Amino acid sequence: MKRTDQIALAWDNLVKTKLRTFLTTSGIMIGTGSLICMMAFGQGVQHNVKQQFDDLGLFNYIVVSQERETSDPAAPEAAVPPLDEALMESLCKLPHVEGAYPELRFPAMVRIGEIEQFTLVQVLPAQSLSFSVVPIIAGETLSAEDPQGAVVSMGFLRQLGAHPPPSHLGASVEIRTLTLDFGLESLLKMVFSQRRGLPIGQKDYAFHVRGVSSRAGMGGSIPIRSEVIIGMQAAAAMDKLEINSLVDFFNSDTPPGTFNSITVQVDSPTHVDAVRDTLKKQGFQTFAMLDQMEEMKQGFIIMDLFLLAIGMIGTLVSSLGIVNTMVMTVMERYREIGIMKAVGAPDRDIRAIFIVESGLIGLIGGLMGLLLAWMVSHTINFIVNVVGVRQGMPPMTYFTFPLWLCISGVGLAILVSIVAGLAPAQRAASVDPVSALRHD
Amino acid sequence: MESVFIRTSNLSRVYSSGGAELAALWQVSITVAKGAFVGICGTSGSGKSTLINLLGGLDTPTGGEIHVDGTCVTGLDRNSLARYRLATVGMIFQSFNLVPSNSALENVMLPMVFAEIPKAERARRAAGLLDQVGLAARASHRPKELSGGEQQRVAIARALANAPKLLLADEPTGNLDSQTSRQIMRILAELNREKGLTVVMISHDRDLLEQHAERIVTIQDGRIASDSTAGGAR
Ligand SMILES: Nc1ncnc2c1ncn2[C@@H]1O[C@H](COP(=O)(O)OP(=O)(O)OP(=O)(O)O)[C@@H](O)[C@H]1O
Ligand SMILES: [Mg+2]
C-alpha cells in the first residue's frame with residue numbers, strides 16, 4: 001500500500017469522526033502548546049541573558065588577580081609583579097587590550113533628584129577612564145581636579161525622565177555608604193535595644209554629575225551593574241564597606257598601593273583567550289566571564305530539561321487521549337479491518353493505516369499547538385509589557401521561537417502520537433478476519 | 001482430463017475452547033478442477049463456511065494441506081497468505097461486507113489500493129467492473145443507499161478487482177429474494193463460463209445450485225457426505 005493512500009485513508013477517517021478528531025487533536029494541541037510555550041520562555045530567558053551580557057561587553061573582561069597563597073611555602077613568589085598602577089599601565093599596552101582598572105566597588109544608596117537606588121559604586125583611577133572603559137556620552141570623564149565629580153550611567157538618569165542626557169550635568173549626587181560601626185554607641189545599641197544584625201552605620205557624601213556614560217560599569221566577579229563611578233581620590237577619603245575589603249577582612253592583607261584584582265578589558269571576546277594566555281604566563285590568576293558562560297550554559301540545559309519535563313506531562317497526558325481514540329477507532333472499525341484483510345491487505349498495511357492516522361493526529365495537534373503557543377506567548381508578552389512599561393521597565397520579548405523548537409515541538413507531538421498509536425495499530429493488524437466478518 | 005485447480009488433503013479445522021474440542025472440519029480431501037463451478041450445501045453448522053474460509057486463506061487449518069493453482073496455501077506465511085488473498089482469490093459473503101462509509105466505487109477500488117495500483121487506473125477499472133455488474137449509475141452511492149441485490153453486485157465487482165482466478169462465495173444469495181438470487185447466480189455463472197473463473201459457492205438452496213453448478217458437494221458434521229455432479233446449466 002502506498003504511503004499517499006495511507007495518508008488519504010487516514011485523513012478520510014479523521015474527517016469522518018470530526019468531533020473525536022477535534023477533541024483528540026485539542027488534547028495534543030494543549031499538550032504541545034504548553035510544552036512549546038515553556039521552552040520558548042526558556043529560550044527567551046537565555047536569549048535575553050546572553051543579549052544583556054553581550055550589550056554590557058561582559059565577555060570582554062578578564063579579572064586578573066594574584067595567586068592565592070599556595071600550600072607549598074617553597075613556591076617562588078617574586079616572579080609575579082604586584083597589582084599596582086604601574087602594572088595597569090603595562091597591561092593596557094598589551095595587544096587587543098582596551099583598558100585595565102582595579103576592581104574596587106562598594107555598595108551604597110545613591111540619590112539623584114527624587115530617585116534613590118541601591119547600587120554598587122565603581123571606583124576607578126582617573127587614568128583608566130581615558131582608556132574608554134566607560135564610554136562618556138555627555139559631560140566629562142573623571143578628573144583629579146574635580147574629586148567630587150561622578151560619572152553616572154544613562155540608564156540611571158533615564159529613570160529621572162532625562163532624555164537629553166546633558167540635562168542632569170552638574171546635578172547633585174548623594175552617596176550614602178554603609179560602614180561597619182564598631183563604635184561604643186552602636187555596640188550599646190546592639191546590646192540594649194531590640195536591634196539585631198550587624199552594627200551598620202551610614203555616612204553621606206556629596207558628589208555631582210560630571211559625566212554621563214552610555215552603559216553601566218561592569219566587570220569583576222560579581223556581575224551587578226554599577227550605575228555610578230567615582231574617582232579613587234574621593235573614594236579613599238570615604239568610610240565605606242567595600243566588597244573587596246570584606247574579602248580582605250577574612251583573607252590576607254593587601255600591601256598598600258596594590259589592588260586585589262585588576263579587570264582587563266579586551267576589544268572582542270574572540271581575543272579573550274589569547275590575552276588570558278599571556279596573563280597566565282606572567283603568573284597571574286585569571287577569571288573570565290566567558291568561562292562562566294559555559295557554566296551558565298549548563299545551567300540553561302538544566303532549566304531546559306526542567307521545562308521540558310513539566311511540558312512533557314501535558315503531552316504525555318494527551319497521548320493517553322490518542323491511545324483511547326485509537327483503541328476506540330480500532331474497535332469501531334473491527335469489521336472494516338476484517339474486510340480489508342479479506343480482500344488481501346497484509347498486516348503491515350493495516351498497522352500502517354492506524355499508525356499514520358495517529359501520526360496525523362499528532363501532526364495536526366502539533367501544528368495547532370505551535371499556533372496556540374505563539375498566540376498565548378504573544379498575549380502574555382503583550383500584557384507583561386503593558387504592565388511593565390507603566391512601571392518603567394523597557395518593553396522586552398520574553399519568548400523566542402527558534403526554528404529548531406518549532407520543528408522539534410511538532411516532531412515530538414508526531415512521535416508521541418505514533419508511539420501512542422503503536423499498540424492499537426498492532427491490535428488492528430492482528431484482527432482475525434473470520435471472526436470480524438462473522439455476520440452480525 | 002481437466003487440470004486440478006484446488007486440492008485439499010485431510011483438511012481439518014478443530015476449535016478447542018475450554019478443553020472441549022470441536023471439529024468444524026475433519027479430514028476433508030477434495031479436488032476441484034480448473035474452471036469448475038462447485039456448489040456446497042449442508043445444514044447449518046456443518047462446516048461450509050469453515051471450508052470456504054480455509055480455501056480463501058482467511059483461516060488456517062489445524063491439520064492437512066491446501067494446494068491452489070500449484071501453490072501450497074497452508075505453507076504460506078501471514079504476508080504471503082495476504083498476497084494470495086489479494087491476487088488469487090475473490091470472496092463474496094452473505095452479508096455483503098461492504099465498507100459502509102465508502103461509495104460503491106471506493107468499495108470496488110479497495111483491493112486495488114492494497115495491490116498498489118495507481119489511483120487513476122483504480123478508478124477506471126472499478127468503474128468498468130461496476131458497469132459489468134450493471135451498476136455504472138450507482139458508483140457514487142453508499143451501501144445503505146443500495147438494495148441487497150445491488151450491494152451484492154458491488155461485492156462481486158470488488159471480488160473481481162484484482163482479476164482473481166478463484167471466486168469463493170459464502171451464501172451470496174442468503175439475504176436476497178429468489179428473483180434477485182437468480183440474478184446474482186446468473187452473474188456468477190457468466191463469470192465462470194466466460195472468464196474461466198473457478199467458482200466455489202455455498203447455498204442452502206439446492207435448487208438454485210442445481211441450475212448452475214456442475215457439481216454439488218454436501219457437507220455433514222465437518223465431513224463430505226456426498227459429492228454429486230448436478231445437472232448444470234450447460
Ligand atoms: N470460532 C469458533 N469457535 C468455536 N467453534 C466455532 C467457531 N467458528 C465456528 N465454529 C463452529 O464450527 C462449526 C462449523 O461452523 P461453520 O460456520 O463452518 O458452519 P456453516 O456450515 O457455515 O453454518 P451456516 O450454514 O449456519 O453458516 C459450527 O458448529 C460452529 O459452531
Ligand atoms: Mg456459514
# chains A, B, ... in the order shown; residues from 1 in each chain; ligands from 1
>>> select_by_dssp(residues="stretch 10-190 of chain B", states="helix (DSSP H, G or I)", output="NGL selection string")
:B and (48-55 or 73-75 or 78-87 or 104-114 or 119-132 or 136-138 or 143-145 or 148-159 or 178-190)
>>> residues_near_ligand(ligand="ligand 1", cutoff="12 Å", atoms="only C-alpha atoms and all ligand atoms", output="ChimeraX atom specification")
/A:432-439 /B:12-26,40-54,59-60,93-95,169-172,174,201-205,218-224
>>> residues_around(residues="stretch 141-154 of chain B", least_positions_apart="3", cutoff="8 Å", atoms="only C-alpha atoms", output="PyMOL selection string")
chain B and resi 92+96+98-104+107-108+130+133+135+138+157-158+172+175-176+180-181+184
>>> write_last_selection(atoms="C-alpha atoms", output="PDB file, in the first residue's frame")
ATOM      1  CA  ILE B  92     -18.309 -12.786  -1.589  1.00  0.00           C
ATOM      2  CA  PHE B  96     -22.054  -8.314   1.557  1.00  0.00           C
ATOM      3  CA  LEU B  98     -19.040  -3.545   2.067  1.00  0.00           C
ATOM      4  CA  VAL B  99     -17.389  -0.644   3.885  1.00  0.00           C
ATOM      5  CA  PRO B 100     -20.488   1.362   4.854  1.00  0.00           C
ATOM      6  CA  SER B 101     -18.881   4.805   4.735  1.00  0.00           C
ATOM      7  CA  ASN B 102     -17.436   4.278   1.269  1.00  0.00           C
ATOM      8  CA  SER B 103     -19.170   4.684  -2.068  1.00  0.00           C
ATOM      9  CA  ALA B 104     -19.710   1.707  -4.355  1.00  0.00           C
ATOM     10  CA  ASN B 107     -15.522  -0.280  -2.235  1.00  0.00           C
ATOM     11  CA  VAL B 108     -14.565  -1.797  -5.565  1.00  0.00           C
ATOM     12  CA  LEU B 130     -19.398  -1.722 -11.779  1.00  0.00           C
ATOM     13  CA  VAL B 133     -22.481  -5.853 -12.911  1.00  0.00           C
ATOM     14  CA  LEU B 135     -24.267  -0.595 -11.562  1.00  0.00           C
ATOM     15  CA  ARG B 138     -24.730   3.844  -8.787  1.00  0.00           C
ATOM     16  CA  ALA B 157     -17.302  -6.280  -8.632  1.00  0.00           C
ATOM     17  CA  ARG B 158     -14.972  -5.857  -5.663  1.00  0.00           C
ATOM     18  CA  PRO B 172     -24.192 -14.911  -1.577  1.00  0.00           C
ATOM     19  CA  ASN B 175     -30.107 -12.395   2.234  1.00  0.00           C
ATOM     20  CA  LEU B 176     -31.836 -11.985  -1.112  1.00  0.00           C
ATOM     21  CA  THR B 180     -32.533 -11.341  -7.053  1.00  0.00           C
ATOM     22  CA  SER B 181     -30.832 -14.577  -6.112  1.00  0.00           C
ATOM     23  CA  ILE B 184     -26.688 -12.994  -8.791  1.00  0.00           C
TER      24      ILE B 184
END
>>> interface_residues(of="chain A", to="chain B", cutoff="6 Å", atoms="only C-alpha atoms", output="list in words")
Met1, Val343, Gly344, Ala345 and Pro346 of chain A
>>> atom_distance(atom1="atom CA of A:Met109", atom2="atom CA of A:Arg176")
5.0 Å
>>> atom_distance(atom1="atom CA of A:Thr25", atom2="atom CA of A:Met38")
19.5 Å
>>> residues_around(residues="stretch 389-400 of chain A", least_positions_apart="2", cutoff="12 Å", atoms="only C-alpha atoms", output="PyMOL selection string")
chain A and resi 36-49+51-52+155-156+158-161+373-387+402-406
>>> closest_residue(among="A:Val209, A:Ser261, A:Met368, A:Val330", to="A:Thr286", atoms="only C-alpha atoms")
A:Ser261
>>> residues_around(residues="A:Leu320", least_positions_apart="6", cutoff="10 Å", atoms="only C-alpha atoms", output="list of chain:residue names")
A:Thr24, A:Gly27, A:Ile28, A:Met326, A:Val416, A:Ser417, A:Ala420, A:Gly421
>>> residues_around(residues="A:Leu120", least_positions_apart="2", cutoff="7 Å", atoms="only C-alpha atoms", output="ChimeraX atom specification")
/A:105-108,122,225-226
>>> select_by_dssp(residues="stretch 10-205 of chain B", states="strand (DSSP E or B)", output="count of residues only")
51
>>> residues_around(residues="A:Ala288", least_positions_apart="3", cutoff="6 Å", atoms="only C-alpha atoms", output="list in words")
Tyr61, Ile62 and Asp291 of chain A
>>> atom_distance(atom1="atom CA of A:Asp267", atom2="atom CA of A:Ser214")
17.0 Å
>>> closest_residue(among="A:Ala8, A:Val410, A:Ile339, A:Val323", to="B:Ala155", atoms="only C-alpha atoms")
A:Ile339
